[in-house]
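Trainee: My structure file my_file37.pdb, PDB, C-alpha atoms, pLDDT in the B column, is below:
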```pdb
ATOM      1  CA  MET A   1      68.277  32.073 -18.011  1.00 34.00           C
ATOM      2  CA  ARG A   2      71.002  32.178 -15.367  1.00 37.00           C
ATOM      3  CA  ASN A   3      72.754  28.937 -14.476  1.00 36.00           C
ATOM      4  CA  PRO A   4      71.716  28.261 -10.843  1.00 35.00           C
ATOM      5  CA  THR A   5      74.944  26.361 -10.126  1.00 35.00           C
ATOM      6  CA  ARG A   6      77.128  29.340 -11.044  1.00 41.00           C
ATOM      7  CA  SER A   7      78.209  31.331  -8.012  1.00 43.00           C
ATOM      8  CA  THR A   8      77.468  35.026  -8.396  1.00 51.00           C
ATOM      9  CA  LEU A   9      78.612  38.203  -6.775  1.00 58.00           C
ATOM     10  CA  ARG A  10      76.533  41.369  -7.037  1.00 68.00           C
ATOM     11  CA  VAL A  11      78.466  44.534  -7.787  1.00 63.00           C
ATOM     12  CA  ALA A  12      77.145  47.834  -6.450  1.00 63.00           C
ATOM     13  CA  ALA A  13      78.805  51.116  -7.382  1.00 57.00           C
ATOM     14  CA  ALA A  14      78.687  54.683  -6.126  1.00 54.00           C
ATOM     15  CA  LEU A  15      78.237  58.172  -7.485  1.00 55.00           C
ATOM     16  CA  LEU A  16      80.293  61.147  -6.353  1.00 52.00           C
ATOM     17  CA  ALA A  17      79.102  64.681  -7.000  1.00 48.00           C
ATOM     18  CA  LEU A  18      81.843  67.245  -6.689  1.00 45.00           C
ATOM     19  CA  LEU A  19      81.388  70.980  -6.832  1.00 39.00           C
ATOM     20  CA  ALA A  20      83.315  72.714  -9.580  1.00 38.00           C
ATOM     21  CA  GLY A  21      84.284  75.960  -7.868  1.00 38.00           C
ATOM     22  CA  THR A  22      81.856  77.684  -5.561  1.00 36.00           C
ATOM     23  CA  ASN A  23      79.000  77.918  -8.076  1.00 39.00           C
ATOM     24  CA  ALA A  24      75.902  75.736  -7.921  1.00 43.00           C
ATOM     25  CA  GLY A  25      77.027  73.732 -10.979  1.00 55.00           C
ATOM     26  CA  ALA A  26      78.558  70.380 -10.251  1.00 67.00           C
ATOM     27  CA  ALA A  27      80.755  67.772 -11.848  1.00 74.00           C
ATOM     28  CA  SER A  28      80.119  64.149 -10.975  1.00 83.00           C
ATOM     29  CA  LEU A  29      81.899  60.842 -11.225  1.00 87.00           C
ATOM     30  CA  ALA A  30      79.959  57.612 -11.528  1.00 89.00           C
ATOM     31  CA  LEU A  31      81.205  54.042 -11.197  1.00 91.00           C
ATOM     32  CA  VAL A  32      79.348  51.866 -13.690  1.00 91.00           C
ATOM     33  CA  PRO A  33      79.847  48.086 -13.566  1.00 91.00           C
ATOM     34  CA  ALA A  34      79.878  46.257 -16.903  1.00 90.00           C
ATOM     35  CA  ASP A  35      77.853  43.426 -15.303  1.00 89.00           C
ATOM     36  CA  ALA A  36      75.504  43.494 -12.293  1.00 85.00           C
ATOM     37  CA  THR A  37      76.456  39.934 -11.301  1.00 87.00           C
ATOM     38  CA  VAL A  38      79.609  37.946 -11.916  1.00 90.00           C
ATOM     39  CA  GLY A  39      80.902  34.524 -10.997  1.00 90.00           C
ATOM     40  CA  THR A  40      83.619  33.907  -8.446  1.00 93.00           C
ATOM     41  CA  GLY A  41      86.958  34.228 -10.239  1.00 94.00           C
ATOM     42  CA  ASP A  42      85.494  36.351 -13.058  1.00 93.00           C
ATOM     43  CA  THR A  43      86.886  39.735 -14.091  1.00 95.00           C
ATOM     44  CA  VAL A  44      84.846  42.712 -12.882  1.00 93.00           C
ATOM     45  CA  THR A  45      85.117  45.856 -15.030  1.00 95.00           C
ATOM     46  CA  ILE A  46      84.019  49.195 -13.574  1.00 94.00           C
ATOM     47  CA  ASP A  47      83.863  52.225 -15.880  1.00 95.00           C
ATOM     48  CA  VAL A  48      84.480  55.688 -14.376  1.00 94.00           C
ATOM     49  CA  LEU A  49      82.335  58.343 -16.074  1.00 92.00           C
ATOM     50  CA  LEU A  50      82.842  62.104 -15.642  1.00 89.00           C
ATOM     51  CA  ASP A  51      79.866  64.392 -16.239  1.00 86.00           C
ATOM     52  CA  ALA A  52      80.546  68.105 -15.877  1.00 80.00           C
ATOM     53  CA  THR A  53      77.670  69.322 -18.056  1.00 79.00           C
ATOM     54  CA  GLY A  54      76.213  71.135 -15.010  1.00 74.00           C
ATOM     55  CA  ALA A  55      79.476  72.914 -14.195  1.00 69.00           C
ATOM     56  CA  PRO A  56      80.283  76.451 -15.341  1.00 66.00           C
ATOM     57  CA  GLY A  57      82.313  76.802 -18.533  1.00 64.00           C
ATOM     58  CA  ALA A  58      82.288  75.298 -21.985  1.00 61.00           C
ATOM     59  CA  ILE A  59      81.532  71.600 -22.386  1.00 57.00           C
ATOM     60  CA  PRO A  60      83.386  69.624 -23.296  1.00 58.00           C
ATOM     61  CA  GLY A  61      86.219  71.179 -21.371  1.00 65.00           C
ATOM     62  CA  LEU A  62      89.190  69.373 -19.946  1.00 80.00           C
ATOM     63  CA  TYR A  63      88.921  68.458 -16.284  1.00 83.00           C
ATOM     64  CA  GLY A  64      91.293  67.055 -13.706  1.00 85.00           C
ATOM     65  CA  GLY A  65      90.839  65.765 -10.188  1.00 86.00           C
ATOM     66  CA  GLN A  66      91.668  63.063  -7.715  1.00 90.00           C
ATOM     67  CA  PHE A  67      89.353  60.404  -6.326  1.00 92.00           C
ATOM     68  CA  VAL A  68      89.556  57.291  -4.188  1.00 94.00           C
ATOM     69  CA  VAL A  69      87.599  54.059  -4.586  1.00 94.00           C
ATOM     70  CA  ASP A  70      87.314  51.652  -1.657  1.00 94.00           C
ATOM     71  CA  PHE A  71      86.189  48.016  -1.545  1.00 95.00           C
ATOM     72  CA  ASP A  72      86.308  44.850   0.554  1.00 95.00           C
ATOM     73  CA  PRO A  73      89.465  42.891  -0.384  1.00 97.00           C
ATOM     74  CA  LEU A  74      87.731  39.669   0.686  1.00 96.00           C
ATOM     75  CA  LEU A  75      85.215  40.169  -2.145  1.00 94.00           C
ATOM     76  CA  LEU A  76      87.267  41.912  -4.854  1.00 95.00           C
ATOM     77  CA  GLN A  77      90.938  41.831  -5.843  1.00 97.00           C
ATOM     78  CA  TYR A  78      92.169  44.986  -7.612  1.00 98.00           C
ATOM     79  CA  THR A  79      94.179  44.267 -10.761  1.00 98.00           C
ATOM     80  CA  SER A  80      94.387  47.574 -12.704  1.00 98.00           C
ATOM     81  CA  PHE A  81      93.079  51.010 -13.627  1.00 98.00           C
ATOM     82  CA  THR A  82      93.443  52.027 -17.265  1.00 97.00           C
ATOM     83  CA  ALA A  83      93.018  55.669 -18.334  1.00 96.00           C
ATOM     84  CA  GLY A  84      90.490  56.467 -21.063  1.00 94.00           C
ATOM     85  CA  ALA A  85      91.415  57.942 -24.445  1.00 92.00           C
ATOM     86  CA  GLY A  86      93.296  61.240 -24.001  1.00 92.00           C
ATOM     87  CA  VAL A  87      93.215  61.057 -20.190  1.00 94.00           C
ATOM     88  CA  SER A  88      96.537  61.200 -18.339  1.00 94.00           C
ATOM     89  CA  PHE A  89      97.603  60.712 -14.727  1.00 93.00           C
ATOM     90  CA  PHE A  90      99.106  63.418 -12.543  1.00 91.00           C
ATOM     91  CA  SER A  91      99.119  60.781  -9.814  1.00 91.00           C
ATOM     92  CA  PRO A  92      99.071  57.153 -10.981  1.00 93.00           C
ATOM     93  CA  PRO A  93      96.760  54.641  -9.262  1.00 96.00           C
ATOM     94  CA  THR A  94      97.998  54.030  -5.720  1.00 96.00           C
ATOM     95  CA  VAL A  95      96.774  51.147  -3.554  1.00 98.00           C
ATOM     96  CA  GLY A  96      96.242  51.676   0.170  1.00 97.00           C
ATOM     97  CA  THR A  97      93.919  50.731   3.014  1.00 96.00           C
ATOM     98  CA  SER A  98      91.288  52.434   5.127  1.00 94.00           C
ATOM     99  CA  GLY A  99      90.280  50.270   8.057  1.00 94.00           C
ATOM    100  CA  SER A 100      89.313  46.865   6.672  1.00 96.00           C
ATOM    101  CA  ARG A 101      88.800  48.210   3.131  1.00 96.00           C
ATOM    102  CA  GLN A 102      91.356  48.455   0.366  1.00 97.00           C
ATOM    103  CA  THR A 103      91.603  51.752  -1.520  1.00 97.00           C
ATOM    104  CA  VAL A 104      92.822  52.882  -4.934  1.00 97.00           C
ATOM    105  CA  THR A 105      93.539  56.604  -5.367  1.00 96.00           C
ATOM    106  CA  VAL A 106      93.714  58.051  -8.893  1.00 95.00           C
ATOM    107  CA  GLY A 107      94.726  61.576  -9.972  1.00 93.00           C
ATOM    108  CA  PHE A 108      93.777  62.385 -13.558  1.00 92.00           C
ATOM    109  CA  ASP A 109      93.950  65.215 -16.089  1.00 90.00           C
ATOM    110  CA  ASN A 110      92.290  65.846 -19.459  1.00 89.00           C
ATOM    111  CA  GLY A 111      88.880  64.283 -18.690  1.00 87.00           C
ATOM    112  CA  LYS A 112      86.347  65.568 -21.229  1.00 86.00           C
ATOM    113  CA  GLY A 113      83.482  66.066 -18.766  1.00 81.00           C
ATOM    114  CA  ASP A 114      80.790  65.148 -21.297  1.00 85.00           C
ATOM    115  CA  GLY A 115      79.769  61.876 -19.647  1.00 85.00           C
ATOM    116  CA  THR A 116      82.447  59.797 -21.340  1.00 86.00           C
ATOM    117  CA  SER A 117      84.851  57.458 -19.606  1.00 92.00           C
ATOM    118  CA  ILE A 118      87.971  58.710 -17.892  1.00 93.00           C
ATOM    119  CA  GLY A 119      89.068  55.122 -17.397  1.00 96.00           C
ATOM    120  CA  PHE A 120      88.142  51.754 -15.991  1.00 96.00           C
ATOM    121  CA  PHE A 121      89.001  49.533 -13.066  1.00 97.00           C
ATOM    122  CA  ARG A 122      89.501  45.799 -13.305  1.00 97.00           C
ATOM    123  CA  PHE A 123      89.004  43.478 -10.351  1.00 96.00           C
ATOM    124  CA  VAL A 124      88.728  39.726  -9.837  1.00 96.00           C
ATOM    125  CA  ALA A 125      85.586  38.572  -8.000  1.00 94.00           C
ATOM    126  CA  LEU A 126      86.531  36.626  -4.856  1.00 95.00           C
ATOM    127  CA  GLY A 127      83.234  36.598  -2.956  1.00 90.00           C
ATOM    128  CA  PRO A 128      81.155  33.516  -2.230  1.00 89.00           C
ATOM    129  CA  PRO A 129      77.799  32.989  -3.977  1.00 85.00           C
ATOM    130  CA  GLY A 130      75.215  35.612  -3.026  1.00 87.00           C
ATOM    131  CA  SER A 131      77.664  38.144  -1.619  1.00 90.00           C
ATOM    132  CA  ILE A 132      77.406  41.819  -2.535  1.00 89.00           C
ATOM    133  CA  ALA A 133      80.577  43.766  -3.324  1.00 90.00           C
ATOM    134  CA  THR A 134      80.202  47.507  -2.799  1.00 90.00           C
ATOM    135  CA  LEU A 135      82.572  50.140  -4.103  1.00 91.00           C
ATOM    136  CA  GLY A 136      82.797  53.480  -2.324  1.00 91.00           C
ATOM    137  CA  LEU A 137      83.802  56.654  -4.132  1.00 90.00           C
ATOM    138  CA  ALA A 138      85.169  59.798  -2.488  1.00 88.00           C
ATOM    139  CA  ASP A 139      86.977  63.010  -3.343  1.00 83.00           C
ATOM    140  CA  ALA A 140      90.676  62.493  -2.592  1.00 78.00           C
ATOM    141  CA  ASP A 141      91.654  66.170  -2.680  1.00 66.00           C
ATOM    142  CA  ASP A 142      91.674  68.100   0.562  1.00 53.00           C
ATOM    143  CA  PHE A 143      90.369  71.336  -0.925  1.00 45.00           C
ATOM    144  CA  PHE A 144      86.962  72.556  -2.084  1.00 42.00           C
ATOM    145  CA  GLY A 145      86.168  72.443  -5.798  1.00 43.00           C
ATOM    146  CA  THR A 146      88.340  69.543  -6.884  1.00 44.00           C
ATOM    147  CA  PHE A 147      87.677  69.425 -10.600  1.00 48.00           C
ATOM    148  CA  ILE A 148      89.423  72.170 -12.497  1.00 49.00           C
ATOM    149  CA  SER A 149      88.302  73.135 -16.009  1.00 46.00           C
TER
END
```
What would the structure in this file look like if it were written as structure tokens?
Mentor:
Amino acid sequence: MRNPTRSTLRVAAALLALLAGTNAGAASLALVPADATVGTGDTVTIDVLLDATGAPGAIPGLYGGQFVVDFDPLLLQYTSFTAGAGVSFFSPPTVGTSGSRQTVTVGFDNGKGDGTSIGFFRFVALGPPGSIATLGLADADDFFGTFIS
């Protein structure tokens, strides 16, 4: 049973489907929070999963791409992004802003594409009890067919 005196923050994540080339097959990234609710001041861990099983080519292949995650800095404080096993950066995590939201842009290589993690974000929950922190996810490349096998 949840402690009613503990302040909680709900974490909602996004899914990004990216076309791999011009074919109908797609690769997708999903942000998966380790916990649906956290207390103010707690660490929030968000896993980034890459699934390219619908994309053309052999799976698992090795995929690379660039994505941006955005969030409200009044509710979450970004602390780090750690690459998954075997994954490398062609562009390390870069913090920026878009309007009132903070952004983190990551360029990665060597993602397996079989639904396993390409890395994870860590944040600190800042929001008051009952607030909902949303994370947006978008393609950060300016060309069609971001993920390359």
Trainee: Please, which residues in stretch 57-85 of chain A fall within 7 Å of stretch 112-125 of chain A when counting all atoms listed in the file, and what is the closest atom pair and distance in Å to one decimal for each, ordered by chain then residue number, as CSV?
Mentor:
```
residue,atom,partner,partner_atom,distance
A:Ile59,CA,A:Asp114,CA,6.6
A:Pro60,CA,A:Lys112,CA,5.4
A:Gly61,CA,A:Lys112,CA,5.6
A:Leu62,CA,A:Lys112,CA,4.9
A:Tyr63,CA,A:Lys112,CA,6.3
A:Leu75,CA,A:Ala125,CA,6.1
A:Leu76,CA,A:Ala125,CA,4.9
A:Gln77,CA,A:Val124,CA,5.0
A:Tyr78,CA,A:Phe123,CA,4.4
A:Thr79,CA,A:Phe123,CA,5.3
A:Ser80,CA,A:Arg122,CA,5.2
A:Phe81,CA,A:Phe121,CA,4.4
A:Thr82,CA,A:Gly119,CA,5.4
A:Ala83,CA,A:Gly119,CA,4.1
A:Gly84,CA,A:Gly119,CA,4.2
```
Trainee: Atom CA of A:Ala133 and atom CA of A:Pro73, how far apart in Å?
Mentor: 9.4 Å
Trainee: Between atom CA of A:Val69 and atom CA of A:Thr105, what is the distance, to one decimal in Å?
Mentor: 6.5 Å
Trainee: For A:Leu74, which residue among A:Gly127, A:Pro33, A:Gly39, A:Gly86 is the nearest when counting all atoms listed in the file?
Mentor: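 Of all the options, A:Gly127 lies closest to A:Leu74.
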Trainee: Quote the spacing between atom CA of A:Asp139 and atom CA of A:Gly65 in Å to one decimal place.
Mentor: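 Distance between the two atoms: 8.3 Å.
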Trainee: So what does the PyMOL selection byres ((chain A and resi 30) around 6) actually pick up in this one, as a list of chain:residue names?
Mentor: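 That expression, the PyMOL selection byres ((chain A and resi 30) around 6), corresponds here to A:Leu15, A:Leu29, A:Leu31, A:Val48, A:Leu49.
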Trainee: Determine the nearest neighbour of A:Ala85 from the options A:Asp72, A:Thr103, A:Gly130, A:Asn110, counting all atoms listed in the file.
Mentor: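 Ranked by minimum distance to A:Ala85, first place goes to A:Asn110.
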Trainee: Which residues are near A:Ser91? Cut-off 8 Å, only C-alpha atoms, ignore same chain within fewer than 4 positions. Put them as a VMD selection string.
Mentor: chain A and resid 106 to 108
Trainee: Take the residues just selected and output them with C-alpha atoms as a compact mmCIF listing (two decimals), in the frame of the given file.
Mentor:
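Written file, selection28.txt:
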```txt
# COMPACT_ATOMS: atom_id res chain seq x y z
CA VAL A 106 93.71 58.05 -8.89
CA GLY A 107 94.73 61.58 -9.97
CA PHE A 108 93.78 62.38 -13.56
```
Trainee: Of the candidates A:Val95, A:Val32, A:Gly111, A:Asp42, which shows the shortest atom-to-atom distance to A:Leu135, using all atoms listed in the file?
Mentor: A:Val32
Trainee: Using the chain letters and numbering of this document, enumerate as a ChimeraX atom specification the residues selected by the PyMOL selection byres ((chain A and resi 102) around 6).
Mentor: /A:70-71,73,96-97,101,103
Trainee: Compile the contact shell of A:Ala140 as a ChimeraX atom specification: residues with an atom at most 7 Å away, counting all atoms listed in the file, same-chain residues fewer than 4 positions apart removed.
Mentor: /A:66-68
